[in-house]
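> Got a structure for you, questions after.
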Amino acid sequence: MHYTEKLFIIHYAEVGLKGKNRVFFEKKLAQNIKRSLRGTGYAKVQRLHDRIVVHLRQGTDIAEIEKRLRGVMGIAHFELVYQAAKDIAAIKDTALQLTEGKTFETLKVETKRSDKSFPLTSPEISSEVGAHLIQQTGARADMHNPDLRVWVDVSHHNVYIYTDKLRGIGGLPVGVSGKVLVMLSGGIDSPVAAWQMIKRGAKAVFIHFYSYPYTDKASLEKVMELTNILAESNYQSIIYLVPFAELQQTIVAETPAPFRVLLYRRMMTRIAQHVAAFDEAEALVTGESLAQVASQTLTNLRAIEAIADIPILRPLIGDDKADIIAKAKQIGTFEVSTLPHQDCCSLFVPKHPATHASVAELEKAEEGLDIAALVEAAVDRIEKKIVSFSYENGALL
């Protein structure tokens with residue numbers, strides 16, 4: 001019996017296409033893997049030429065590591081492998097160990113041989129290992145639909161043998177695509193938009209506008225929980241809480257009713273830009289979807305963003321509500337998002353909001369407002385909170 005080591009082999013897709021920047025992306029992915037596996041008792045994370053290896057200690061909770069790796073952005077797929085020496089007898093012995101405890105009547109062995117100096121070709125390795133397993137287990141060969149597949153990977157470093165390919169999230173490692181400020185409400189859409197940007201490698205910070213005491217505190221509680229859920233992928237997160245009620249009252253008192261919601265959104269955008277500049281975020285992110293509500297018509301979106309000096313990214317702009325709901329359920333935000341709450345933009349909403357407001361109309365509606373003073377007052381009252389995810393209890397730290 002040959003000694004074998006269990007370890008996880010991690011593969012990536014887009015990261016491997018980054019040319020001269022590949023090393024930067026690989027290092028960031030390895031760093032994020034270490035952060036995600038903190039507290040699991042793994043031995044070390046090692047970067048090899050075209051993969052990342054997670055070495056395990058005796059007694060490590062393999063199921064917990066697998067669970068966490070499934071949530072790391074940038075991983076295409078990964079496997080729990082048995083490592084064997086570069087010797088056909090050791091490979092056959094290790095492959096047999098790997099089948100212990102598994103129920104199967106048919107099998108197939110597939111080999112990838114990156115190290116061409118190994119004396120046997122890929123078909124020869126598959127043939128010898130398959131024959132050994134059939135002789136020892138009584139199974140039959142099935143090249144098309146086997147009950148069990150055994151993969152043998154002869155790399156330049158070692159031989160890795162496994163039976164299951166586990167799918168990852170994909171995307172890019174968090175932190176390689178810069179920083180964005182997400183305008184996070186307590187609803188369904190904006191957490192999904194945040195998750196989509198995190199998956200593309202952006203580090204997300206968050207801003208939330210609330211109208212307490214005119215609305216209840218449910219939106220604040222929900223947005224903190226949503227930030228916590230997103231922190232599992234985003235790691236440590238910052239959220240800025242902006243009291244917005246007084247500013248809304250000013251808009252209600254001094255501007256035409258049909259434009260109120262759009263003016264709320266323009267003021268939010270101005271305030272968010274101040275925060276983005278302070279926190280060095282390069283773009284704002286919203287959960288807007290084209291024509292989903294009155295404020296999200298193409299004309300209104302253009303009129304809102306006319307005052308923006310940095311890009312406003314809308315990852316969900318072409319998605320149907322059903323698609324957004326499905327994604328929210330997948331990432332674990334849907335149940336929290338659908339708890340009852342009063343959104344600040346629903347406060348003082350007119351019966352007939354404008355659906356096609358022009359930039360000129362909104363500029364005229366704002367003429368009586370001291371915009372600079374209103375923005376400064378709101379910025380001065382912002383509260384900053386730091387949210388980290390704890391795998392031990394899923395709680396805020």
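As shown in the structure tokens, the chain order sets the letters A, B, ...; within each chain, residues go from 1, and ligands are also counted from 1 in the order they appear.
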Excluding same-chain residues fewer than 2 positions from Val159 in chain A, what lies within 7 Å of it counting only C-alpha atoms, as a list in words?
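In the requested format, the answer is Gln83, Ala84, Ala85, Lys86, Asp153, Val154, Ser155 and Ile161 of chain A.
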> Name all residues at most 10 Å from Val192 in chain A (count only C-alpha atoms; drop same-chain ones fewer than 2 positions away) and give them as a list in words.
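So the residues in contact are Leu184, Gly187, Ile188, Asp189, Ser190, Ala194, Trp195, Gln196, Met197, Ile198, Leu230, Thr286, Gly287, Pro315, Leu316, Ile324, Ile325, Ala326, Lys327, Ala328, Lys329, Gln330, Ile331, Gly332, Thr333 and Phe334 of chain A.
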> Find the spatial neighbours of range 122-129 of chain A, counting only C-alpha atoms, within a cut-off of 7 Å - ignore same-chain residues fewer than 6 positions away - and output them as a PyMOL selection string.
chain A and resi 92+109-113
> Determine the nearest neighbour of Gly101 in chain A from the options A:Gly368, A:Lys27, A:Ala202, A:Thr137, counting only C-alpha atoms.
A:Thr137
> Please give the complete set of residues from range 1-139 of chain A that DSSP, run on the backbone, assigns to helix (DSSP H, G or I), formatted as a ChimeraX atom specification.
/A:14-17,19-36,62-69,88-99,122-137
> Excluding same-chain residues fewer than 6 positions from Ala377 in chain A, what lies within 12 Å of it counting only C-alpha atoms, as a ChimeraX atom specification?
/A:242-247,267,271,274,370-371
> Would you mind listing what lies within 9 Å of Ser295 in chain A as JSON, numbers by chain, with only C-alpha atoms counted and same-chain residues fewer than 3 positions away left out?
{"A": [261, 262, 265, 291, 292, 298, 299, 300, 301, 304, 353, 354, 355, 356]}
> How would the residues just chosen look if you wrote them out with all heavy atoms as a JSON list (two decimals), in the first residue's frame?

```
[["chain", "number", "residue", "atom", "x", "y", "z"],
["A", 261, "VAL", "N", -39.66, 61.63, -6.95],
["A", 261, "VAL", "CA", -38.83, 60.42, -6.90],
["A", 261, "VAL", "C", -37.55, 60.62, -7.69],
["A", 261, "VAL", "O", -36.46, 60.21, -7.27],
["A", 261, "VAL", "CB", -39.61, 59.20, -7.41],
["A", 261, "VAL", "CG1", -38.68, 57.98, -7.51],
["A", 261, "VAL", "CG2", -40.78, 58.88, -6.50],
["A", 262, "LEU", "N", -37.64, 61.27, -8.84],
["A", 262, "LEU", "CA", -36.46, 61.51, -9.66],
["A", 262, "LEU", "C", -35.50, 62.47, -8.98],
["A", 262, "LEU", "O", -34.27, 62.30, -9.06],
["A", 262, "LEU", "CB", -36.87, 62.05, -11.02],
["A", 262, "LEU", "CG", -37.83, 61.17, -11.84],
["A", 262, "LEU", "CD1", -38.16, 61.83, -13.16],
["A", 262, "LEU", "CD2", -37.23, 59.80, -12.06],
["A", 265, "ARG", "N", -33.61, 60.63, -6.39],
["A", 265, "ARG", "CA", -32.54, 59.82, -6.97],
["A", 265, "ARG", "C", -31.34, 60.69, -7.38],
["A", 265, "ARG", "O", -30.19, 60.27, -7.24],
["A", 265, "ARG", "CB", -33.07, 59.06, -8.20],
["A", 265, "ARG", "CG", -34.19, 58.08, -7.91],
["A", 265, "ARG", "CD", -33.75, 56.93, -7.05],
["A", 265, "ARG", "NE", -32.75, 56.10, -7.69],
["A", 265, "ARG", "CZ", -32.19, 55.03, -7.13],
["A", 265, "ARG", "NH1", -32.52, 54.69, -5.89],
["A", 265, "ARG", "NH2", -31.29, 54.33, -7.78],
["A", 291, "ALA", "N", -37.31, 50.06, -17.32],
["A", 291, "ALA", "CA", -38.78, 50.14, -17.34],
["A", 291, "ALA", "C", -39.46, 49.27, -16.29],
["A", 291, "ALA", "O", -40.66, 49.02, -16.36],
["A", 291, "ALA", "CB", -39.31, 49.79, -18.73],
["A", 292, "GLN", "N", -38.72, 48.84, -15.27],
["A", 292, "GLN", "CA", -39.34, 48.03, -14.22],
["A", 292, "GLN", "C", -40.32, 48.85, -13.40],
["A", 292, "GLN", "O", -41.38, 48.37, -13.02],
["A", 292, "GLN", "CB", -38.26, 47.42, -13.32],
["A", 292, "GLN", "CG", -38.81, 46.44, -12.29],
["A", 292, "GLN", "CD", -37.70, 45.83, -11.43],
["A", 292, "GLN", "OE1", -37.68, 46.04, -10.23],
["A", 292, "GLN", "NE2", -36.81, 45.08, -12.04],
["A", 298, "LEU", "N", -36.11, 54.79, -19.79],
["A", 298, "LEU", "CA", -34.84, 55.23, -20.36],
["A", 298, "LEU", "C", -34.66, 56.74, -20.22],
["A", 298, "LEU", "O", -33.57, 57.22, -19.87],
["A", 298, "LEU", "CB", -34.79, 54.83, -21.84],
["A", 298, "LEU", "CG", -33.41, 54.84, -22.51],
["A", 298, "LEU", "CD1", -32.44, 53.93, -21.76],
["A", 298, "LEU", "CD2", -33.53, 54.40, -23.96],
["A", 299, "THR", "N", -35.74, 57.49, -20.43],
["A", 299, "THR", "CA", -35.67, 58.95, -20.31],
["A", 299, "THR", "C", -35.34, 59.36, -18.88],
["A", 299, "THR", "O", -34.51, 60.24, -18.65],
["A", 299, "THR", "CB", -37.00, 59.58, -20.74],
["A", 299, "THR", "OG1", -37.35, 59.11, -22.04],
["A", 299, "THR", "CG2", -36.90, 61.10, -20.77],
["A", 300, "ASN", "N", -36.00, 58.72, -17.92],
["A", 300, "ASN", "CA", -35.77, 59.08, -16.52],
["A", 300, "ASN", "C", -34.36, 58.70, -16.06],
["A", 300, "ASN", "O", -33.72, 59.44, -15.31],
["A", 300, "ASN", "CB", -36.82, 58.43, -15.62],
["A", 300, "ASN", "CG", -38.15, 59.15, -15.70],
["A", 300, "ASN", "OD1", -38.26, 60.22, -16.29],
["A", 300, "ASN", "ND2", -39.17, 58.58, -15.09],
["A", 301, "LEU", "N", -33.90, 57.55, -16.48],
["A", 301, "LEU", "CA", -32.54, 57.14, -16.12],
["A", 301, "LEU", "C", -31.52, 58.15, -16.64],
["A", 301, "LEU", "O", -30.56, 58.50, -15.95],
["A", 301, "LEU", "CB", -32.23, 55.74, -16.66],
["A", 301, "LEU", "CG", -33.01, 54.58, -16.02],
["A", 301, "LEU", "CD1", -32.67, 53.27, -16.74],
["A", 301, "LEU", "CD2", -32.70, 54.45, -14.54],
["A", 304, "ILE", "N", -31.66, 61.30, -14.51],
["A", 304, "ILE", "CA", -31.05, 61.11, -13.19],
["A", 304, "ILE", "C", -29.53, 61.18, -13.30],
["A", 304, "ILE", "O", -28.85, 61.87, -12.54],
["A", 304, "ILE", "CB", -31.49, 59.78, -12.57],
["A", 304, "ILE", "CG1", -32.98, 59.81, -12.21],
["A", 304, "ILE", "CG2", -30.66, 59.46, -11.32],
["A", 304, "ILE", "CD1", -33.56, 58.45, -11.87],
["A", 353, "PRO", "N", -46.39, 59.91, -10.78],
["A", 353, "PRO", "CA", -45.00, 60.30, -10.99],
["A", 353, "PRO", "C", -44.68, 60.47, -12.48],
["A", 353, "PRO", "O", -45.26, 59.80, -13.33],
["A", 353, "PRO", "CB", -44.21, 59.14, -10.39],
["A", 353, "PRO", "CG", -45.13, 57.96, -10.49],
["A", 353, "PRO", "CD", -46.52, 58.52, -10.29],
["A", 354, "ALA", "N", -43.74, 61.34, -12.77],
["A", 354, "ALA", "CA", -43.32, 61.55, -14.15],
["A", 354, "ALA", "C", -42.60, 60.31, -14.67],
["A", 354, "ALA", "O", -41.78, 59.72, -13.98],
["A", 354, "ALA", "CB", -42.39, 62.76, -14.23],
["A", 355, "THR", "N", -42.95, 59.93, -15.89],
["A", 355, "THR", "CA", -42.31, 58.76, -16.49],
["A", 355, "THR", "C", -41.34, 59.14, -17.60],
["A", 355, "THR", "O", -40.54, 58.29, -18.03],
["A", 355, "THR", "CB", -43.37, 57.79, -17.06],
["A", 355, "THR", "OG1", -44.19, 58.50, -18.01],
["A", 355, "THR", "CG2", -44.24, 57.23, -15.96],
["A", 356, "HIS", "N", -41.41, 60.37, -18.09],
["A", 356, "HIS", "CA", -40.50, 60.80, -19.16],
["A", 356, "HIS", "C", -40.03, 62.23, -18.91],
["A", 356, "HIS", "O", -40.24, 63.13, -19.72],
["A", 356, "HIS", "CB", -41.20, 60.70, -20.53],
["A", 356, "HIS", "CG", -41.52, 59.30, -20.93],
["A", 356, "HIS", "ND1", -42.70, 58.67, -20.58],
["A", 356, "HIS", "CD2", -40.79, 58.39, -21.63],
["A", 356, "HIS", "CE1", -42.69, 57.44, -21.05],
["A", 356, "HIS", "NE2", -41.55, 57.23, -21.69]]
```
> Taking the DSSP secondary structure from the backbone, can you list the residues of range 127-285 of chain A that are strand (DSSP E), as a tab-separated table (two decimals) with all heavy atoms, in the first residue's frame?

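Contents of the output file part_9.tsv:
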```tsv
chain	number	residue	atom	x	y	z
A	140	ARG	N	-17.34	-3.58	-14.59
A	140	ARG	CA	-17.16	-3.70	-16.03
A	140	ARG	C	-16.76	-2.33	-16.59
A	140	ARG	O	-17.06	-1.29	-16.01
A	140	ARG	CB	-18.45	-4.14	-16.73
A	140	ARG	CG	-19.07	-5.40	-16.16
A	140	ARG	CD	-20.27	-5.83	-17.01
A	140	ARG	NE	-21.18	-4.74	-17.36
A	140	ARG	CZ	-22.15	-4.30	-16.57
A	140	ARG	NH1	-22.33	-4.85	-15.37
A	140	ARG	NH2	-22.94	-3.31	-16.96
A	141	ALA	N	-16.10	-2.35	-17.73
A	141	ALA	CA	-15.74	-1.11	-18.42
A	141	ALA	C	-16.94	-0.59	-19.20
A	141	ALA	O	-17.68	-1.37	-19.81
A	141	ALA	CB	-14.56	-1.34	-19.36
A	148	LEU	N	-19.03	5.16	-12.55
A	148	LEU	CA	-17.91	5.83	-11.88
A	148	LEU	C	-16.86	6.22	-12.91
A	148	LEU	O	-16.45	5.40	-13.73
A	148	LEU	CB	-17.28	4.90	-10.84
A	148	LEU	CG	-16.07	5.45	-10.08
A	148	LEU	CD1	-16.50	6.57	-9.13
A	148	LEU	CD2	-15.36	4.34	-9.32
A	149	ARG	N	-16.45	7.49	-12.87
A	149	ARG	CA	-15.33	7.94	-13.68
A	149	ARG	C	-14.13	8.19	-12.77
A	149	ARG	O	-14.26	8.85	-11.74
A	149	ARG	CB	-15.67	9.23	-14.44
A	149	ARG	CG	-16.69	9.06	-15.53
A	149	ARG	CD	-16.97	10.38	-16.25
A	149	ARG	NE	-18.06	10.24	-17.18
A	149	ARG	CZ	-17.92	9.93	-18.48
A	149	ARG	NH1	-16.70	9.73	-18.95
A	149	ARG	NH2	-18.96	9.82	-19.27
A	150	VAL	N	-12.99	7.73	-13.19
A	150	VAL	CA	-11.74	7.96	-12.46
A	150	VAL	C	-10.84	8.76	-13.38
A	150	VAL	O	-10.51	8.33	-14.49
A	150	VAL	CB	-11.07	6.63	-12.05
A	150	VAL	CG1	-9.74	6.92	-11.35
A	150	VAL	CG2	-11.99	5.82	-11.15
A	151	TRP	N	-10.45	9.95	-12.91
A	151	TRP	CA	-9.54	10.79	-13.69
A	151	TRP	C	-8.13	10.67	-13.13
A	151	TRP	O	-7.92	10.73	-11.91
A	151	TRP	CB	-9.98	12.25	-13.63
A	151	TRP	CG	-11.15	12.58	-14.50
A	151	TRP	CD1	-11.13	12.91	-15.83
A	151	TRP	CD2	-12.53	12.65	-14.10
A	151	TRP	NE1	-12.40	13.17	-16.28
A	151	TRP	CE2	-13.29	13.02	-15.25
A	151	TRP	CE3	-13.20	12.43	-12.90
A	151	TRP	CZ2	-14.67	13.18	-15.22
A	151	TRP	CZ3	-14.57	12.59	-12.86
A	151	TRP	CH2	-15.29	12.95	-14.01
A	152	VAL	N	-7.16	10.53	-14.03
A	152	VAL	CA	-5.74	10.49	-13.67
A	152	VAL	C	-5.06	11.67	-14.36
A	152	VAL	O	-5.10	11.80	-15.59
A	152	VAL	CB	-5.08	9.17	-14.09
A	152	VAL	CG1	-3.58	9.18	-13.73
A	152	VAL	CG2	-5.78	7.98	-13.44
A	153	ASP	N	-4.46	12.55	-13.58
A	153	ASP	CA	-3.80	13.75	-14.10
A	153	ASP	C	-2.31	13.64	-13.79
A	153	ASP	O	-1.89	13.78	-12.64
A	153	ASP	CB	-4.41	14.99	-13.44
A	153	ASP	CG	-3.81	16.30	-13.96
A	153	ASP	OD1	-2.89	16.24	-14.79
A	153	ASP	OD2	-4.28	17.37	-13.52
A	154	VAL	N	-1.51	13.39	-14.83
A	154	VAL	CA	-0.06	13.28	-14.66
A	154	VAL	C	0.54	14.65	-14.98
A	154	VAL	O	0.74	15.01	-16.14
A	154	VAL	CB	0.53	12.21	-15.58
A	154	VAL	CG1	2.05	12.08	-15.34
A	154	VAL	CG2	-0.16	10.87	-15.36
A	159	VAL	N	1.19	13.15	-9.59
A	159	VAL	CA	0.04	12.51	-10.22
A	159	VAL	C	-1.15	12.69	-9.29
A	159	VAL	O	-1.07	12.40	-8.10
A	159	VAL	CB	0.29	11.01	-10.48
A	159	VAL	CG1	-0.96	10.35	-11.08
A	159	VAL	CG2	1.48	10.81	-11.41
A	160	TYR	N	-2.25	13.21	-9.86
A	160	TYR	CA	-3.46	13.45	-9.07
A	160	TYR	C	-4.58	12.56	-9.62
A	160	TYR	O	-4.81	12.50	-10.83
A	160	TYR	CB	-3.87	14.91	-9.16
A	160	TYR	CG	-2.77	15.87	-8.76
A	160	TYR	CD1	-2.19	16.73	-9.71
A	160	TYR	CD2	-2.31	15.93	-7.45
A	160	TYR	CE1	-1.19	17.62	-9.35
A	160	TYR	CE2	-1.31	16.81	-7.08
A	160	TYR	CZ	-0.74	17.65	-8.03
A	160	TYR	OH	0.26	18.51	-7.68
A	161	ILE	N	-5.30	11.91	-8.69
A	161	ILE	CA	-6.36	10.99	-9.08
A	161	ILE	C	-7.64	11.39	-8.34
A	161	ILE	O	-7.61	11.64	-7.13
A	161	ILE	CB	-5.97	9.53	-8.74
A	161	ILE	CG1	-4.61	9.20	-9.38
A	161	ILE	CG2	-7.03	8.55	-9.22
A	161	ILE	CD1	-4.02	7.88	-8.92
A	162	TYR	N	-8.77	11.43	-9.06
A	162	TYR	CA	-10.01	11.86	-8.43
A	162	TYR	C	-11.21	11.28	-9.18
A	162	TYR	O	-11.08	10.77	-10.31
A	162	TYR	CB	-10.10	13.39	-8.39
A	162	TYR	CG	-9.93	14.07	-9.72
A	162	TYR	CD1	-11.04	14.46	-10.46
A	162	TYR	CD2	-8.65	14.35	-10.23
A	162	TYR	CE1	-10.88	15.10	-11.69
A	162	TYR	CE2	-8.49	14.98	-11.45
A	162	TYR	CZ	-9.61	15.35	-12.18
A	162	TYR	OH	-9.45	15.97	-13.39
A	166	LEU	N	-16.01	19.27	-9.13
A	166	LEU	CA	-16.94	20.13	-8.41
A	166	LEU	C	-16.95	21.51	-9.06
A	166	LEU	O	-15.90	22.11	-9.28
A	166	LEU	CB	-16.55	20.23	-6.94
A	166	LEU	CG	-16.37	18.88	-6.23
A	166	LEU	CD1	-15.80	19.08	-4.84
A	166	LEU	CD2	-17.69	18.14	-6.18
A	167	ARG	N	-18.12	22.03	-9.34
A	167	ARG	CA	-18.24	23.29	-10.05
A	167	ARG	C	-18.11	24.48	-9.10
A	167	ARG	O	-18.70	24.49	-8.02
A	167	ARG	CB	-19.59	23.36	-10.77
A	167	ARG	CG	-19.75	24.57	-11.68
A	167	ARG	CD	-21.05	24.49	-12.45
A	167	ARG	NE	-21.23	25.65	-13.32
A	167	ARG	CZ	-22.28	25.82	-14.11
A	167	ARG	NH1	-23.24	24.90	-14.15
A	167	ARG	NH2	-22.37	26.90	-14.87
A	179	LYS	N	-12.80	49.16	-7.30
A	179	LYS	CA	-13.81	49.29	-6.24
A	179	LYS	C	-15.03	50.03	-6.76
A	179	LYS	O	-14.91	50.99	-7.52
A	179	LYS	CB	-13.20	50.05	-5.04
A	179	LYS	CG	-14.13	50.13	-3.81
A	179	LYS	CD	-13.55	51.05	-2.76
A	179	LYS	CE	-12.29	50.48	-2.13
A	179	LYS	NZ	-11.82	51.35	-1.00
A	180	VAL	N	-16.22	49.57	-6.34
A	180	VAL	CA	-17.47	50.23	-6.73
A	180	VAL	C	-18.28	50.51	-5.47
A	180	VAL	O	-18.17	49.81	-4.47
A	180	VAL	CB	-18.30	49.37	-7.70
A	180	VAL	CG1	-17.57	49.19	-9.02
A	180	VAL	CG2	-18.66	48.01	-7.08
A	181	LEU	N	-19.10	51.56	-5.54
A	181	LEU	CA	-20.01	51.91	-4.45
A	181	LEU	C	-21.42	51.51	-4.87
A	181	LEU	O	-21.96	52.04	-5.84
A	181	LEU	CB	-19.95	53.40	-4.15
A	181	LEU	CG	-20.90	53.90	-3.05
A	181	LEU	CD1	-20.54	53.28	-1.70
A	181	LEU	CD2	-20.85	55.43	-2.95
A	182	VAL	N	-22.00	50.56	-4.14
A	182	VAL	CA	-23.32	50.02	-4.47
A	182	VAL	C	-24.38	50.75	-3.68
A	182	VAL	O	-24.31	50.82	-2.45
A	182	VAL	CB	-23.39	48.51	-4.16
A	182	VAL	CG1	-24.78	47.96	-4.52
A	182	VAL	CG2	-22.30	47.75	-4.91
A	183	MET	N	-25.39	51.28	-4.38
A	183	MET	CA	-26.52	51.92	-3.72
A	183	MET	C	-27.49	50.82	-3.32
A	183	MET	O	-28.30	50.34	-4.13
A	183	MET	CB	-27.14	52.95	-4.66
A	183	MET	CG	-26.14	54.04	-5.03
A	183	MET	SD	-26.71	55.22	-6.27
A	183	MET	CE	-27.87	56.19	-5.27
A	203	LYS	N	-14.42	45.03	-5.88
A	203	LYS	CA	-14.61	45.13	-4.44
A	203	LYS	C	-15.76	46.09	-4.20
A	203	LYS	O	-15.75	47.23	-4.67
A	203	LYS	CB	-13.33	45.65	-3.78
A	203	LYS	CG	-13.45	45.88	-2.28
A	203	LYS	CD	-13.67	44.58	-1.53
A	203	LYS	CE	-13.69	44.81	-0.03
A	203	LYS	NZ	-13.97	43.58	0.70
A	204	ALA	N	-16.78	45.64	-3.47
A	204	ALA	CA	-17.98	46.45	-3.27
A	204	ALA	C	-17.96	47.11	-1.90
A	204	ALA	O	-17.67	46.47	-0.88
A	204	ALA	CB	-19.24	45.59	-3.41
A	205	VAL	N	-18.26	48.39	-1.89
A	205	VAL	CA	-18.64	49.09	-0.66
A	205	VAL	C	-20.08	49.55	-0.89
A	205	VAL	O	-20.56	49.62	-2.02
A	205	VAL	CB	-17.71	50.29	-0.35
A	205	VAL	CG1	-16.32	49.81	-0.02
A	205	VAL	CG2	-17.66	51.25	-1.51
A	206	PHE	N	-20.79	49.84	0.20
A	206	PHE	CA	-22.23	50.04	0.09
A	206	PHE	C	-22.66	51.37	0.70
A	206	PHE	O	-22.02	51.88	1.61
A	206	PHE	CB	-22.97	48.89	0.80
A	206	PHE	CG	-22.60	47.53	0.29
A	206	PHE	CD1	-21.61	46.78	0.91
A	206	PHE	CD2	-23.24	47.01	-0.83
A	206	PHE	CE1	-21.26	45.52	0.42
A	206	PHE	CE2	-22.89	45.76	-1.32
A	206	PHE	CZ	-21.91	45.02	-0.70
A	207	ILE	N	-23.76	51.90	0.17
A	207	ILE	CA	-24.38	53.08	0.74
A	207	ILE	C	-25.89	52.84	0.79
A	207	ILE	O	-26.47	52.29	-0.16
A	207	ILE	CB	-24.03	54.35	-0.07
A	207	ILE	CG1	-24.55	55.60	0.63
A	207	ILE	CG2	-24.55	54.27	-1.50
A	207	ILE	CD1	-23.99	56.90	0.04
A	208	HIS	N	-26.50	53.21	1.92
A	208	HIS	CA	-27.94	52.99	2.10
A	208	HIS	C	-28.58	54.28	2.62
A	208	HIS	O	-28.08	54.89	3.57
A	208	HIS	CB	-28.19	51.86	3.09
A	208	HIS	CG	-29.64	51.65	3.42
A	208	HIS	ND1	-30.54	51.18	2.51
A	208	HIS	CD2	-30.34	51.88	4.57
A	208	HIS	CE1	-31.75	51.10	3.08
A	208	HIS	NE2	-31.64	51.53	4.32
A	209	PHE	N	-29.67	54.68	1.99
A	209	PHE	CA	-30.42	55.87	2.39
A	209	PHE	C	-31.67	55.44	3.14
A	209	PHE	O	-32.41	54.57	2.67
A	209	PHE	CB	-30.81	56.69	1.16
A	209	PHE	CG	-29.63	57.22	0.39
A	209	PHE	CD1	-28.98	56.43	-0.57
A	209	PHE	CD2	-29.15	58.50	0.61
A	209	PHE	CE1	-27.89	56.91	-1.27
A	209	PHE	CE2	-28.06	59.00	-0.10
A	209	PHE	CZ	-27.42	58.20	-1.03
A	210	TYR	N	-31.91	56.05	4.32
A	210	TYR	CA	-33.07	55.66	5.11
A	210	TYR	C	-33.80	56.91	5.60
A	210	TYR	O	-33.22	57.99	5.72
A	210	TYR	CB	-32.66	54.77	6.28
A	210	TYR	CG	-31.80	55.44	7.32
A	210	TYR	CD1	-32.37	56.01	8.47
A	210	TYR	CD2	-30.42	55.53	7.17
A	210	TYR	CE1	-31.59	56.64	9.43
A	210	TYR	CE2	-29.63	56.15	8.12
A	210	TYR	CZ	-30.21	56.70	9.25
A	210	TYR	OH	-29.45	57.33	10.20
A	237	SER	N	-16.69	44.26	4.42
A	237	SER	CA	-17.41	45.29	3.67
A	237	SER	C	-17.62	46.53	4.53
A	237	SER	O	-17.73	46.44	5.75
A	237	SER	CB	-18.78	44.76	3.21
A	237	SER	OG	-18.64	43.67	2.34
A	238	ILE	N	-17.70	47.65	3.85
A	238	ILE	CA	-18.04	48.92	4.50
A	238	ILE	C	-19.39	49.36	3.98
A	238	ILE	O	-19.67	49.28	2.78
A	238	ILE	CB	-16.98	49.99	4.20
A	238	ILE	CG1	-15.64	49.62	4.87
A	238	ILE	CG2	-17.44	51.37	4.66
A	238	ILE	CD1	-14.49	50.52	4.47
A	239	ILE	N	-20.26	49.83	4.88
A	239	ILE	CA	-21.54	50.37	4.48
A	239	ILE	C	-21.72	51.76	5.10
A	239	ILE	O	-21.43	51.95	6.29
A	239	ILE	CB	-22.72	49.44	4.85
A	239	ILE	CG1	-24.04	50.07	4.37
A	239	ILE	CG2	-22.76	49.11	6.33
A	239	ILE	CD1	-25.20	49.09	4.36
A	240	TYR	N	-22.15	52.70	4.28
A	240	TYR	CA	-22.41	54.07	4.72
A	240	TYR	C	-23.93	54.25	4.83
A	240	TYR	O	-24.65	54.01	3.86
A	240	TYR	CB	-21.83	55.07	3.73
A	240	TYR	CG	-20.32	55.00	3.62
A	240	TYR	CD1	-19.70	54.19	2.68
A	240	TYR	CD2	-19.52	55.76	4.47
A	240	TYR	CE1	-18.32	54.12	2.59
A	240	TYR	CE2	-18.13	55.70	4.39
A	240	TYR	CZ	-17.54	54.88	3.45
A	240	TYR	OH	-16.17	54.82	3.37
A	241	LEU	N	-24.39	54.67	6.00
A	241	LEU	CA	-25.82	54.86	6.26
A	241	LEU	C	-26.13	56.35	6.25
A	241	LEU	O	-25.54	57.13	7.01
A	241	LEU	CB	-26.19	54.24	7.61
A	241	LEU	CG	-25.86	52.74	7.76
A	241	LEU	CD1	-26.16	52.27	9.18
A	241	LEU	CD2	-26.62	51.91	6.74
A	242	VAL	N	-27.06	56.74	5.38
A	242	VAL	CA	-27.35	58.16	5.15
A	242	VAL	C	-28.77	58.49	5.59
A	242	VAL	O	-29.72	57.99	5.01
A	242	VAL	CB	-27.20	58.52	3.66
A	242	VAL	CG1	-27.34	60.02	3.47
A	242	VAL	CG2	-25.88	58.00	3.10
A	243	PRO	N	-28.95	59.34	6.62
A	243	PRO	CA	-30.30	59.80	6.98
A	243	PRO	C	-30.82	60.73	5.89
A	243	PRO	O	-30.17	61.74	5.56
A	243	PRO	CB	-30.09	60.52	8.31
A	243	PRO	CG	-28.66	60.92	8.31
A	243	PRO	CD	-27.92	59.91	7.50
A	283	ALA	N	-16.91	53.82	-9.55
A	283	ALA	CA	-18.22	53.85	-10.20
A	283	ALA	C	-19.29	53.62	-9.15
A	283	ALA	O	-19.03	53.07	-8.07
A	283	ALA	CB	-18.31	52.79	-11.29
A	284	LEU	N	-20.51	54.05	-9.47
A	284	LEU	CA	-21.68	53.73	-8.67
A	284	LEU	C	-22.38	52.54	-9.30
A	284	LEU	O	-22.34	52.35	-10.52
A	284	LEU	CB	-22.64	54.92	-8.60
A	284	LEU	CG	-22.08	56.25	-8.08
A	284	LEU	CD1	-23.17	57.31	-8.06
A	284	LEU	CD2	-21.46	56.08	-6.70
A	285	VAL	N	-23.06	51.75	-8.48
A	285	VAL	CA	-23.80	50.58	-8.96
A	285	VAL	C	-25.21	50.65	-8.40
A	285	VAL	O	-25.41	50.89	-7.21
A	285	VAL	CB	-23.13	49.26	-8.52
A	285	VAL	CG1	-23.99	48.05	-8.93
A	285	VAL	CG2	-21.74	49.14	-9.12
```
> Would you kindly return, as a list in words, each protein, DNA or RNA residue with an atom no farther than 10 Å from any atom of His156 in chain A, considering only C-alpha atoms and excluding same-chain residues fewer than 4 positions away?
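Counting only C-alpha atoms, the residues come to Leu48, His49, Lys86, Arg113, Ser114, Asp115, Lys116, Ser117 and Phe118 of chain A.
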> Which residue, A:Ala76, A:Ile169, A:Ala357, A:Leu220, has the smallest gap to Thr297 in chain A when you use only C-alpha atoms?
A:Ala357
> Show which residues sit within 10 Å of Pro340 in chain A, as a list in words. Count only C-alpha atoms, and ignore same-chain residues fewer than 6 positions away.
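After dropping sequence-adjacent residues, the list is Gly186, Gly187, Ala218, Ser219 and Lys222 of chain A.
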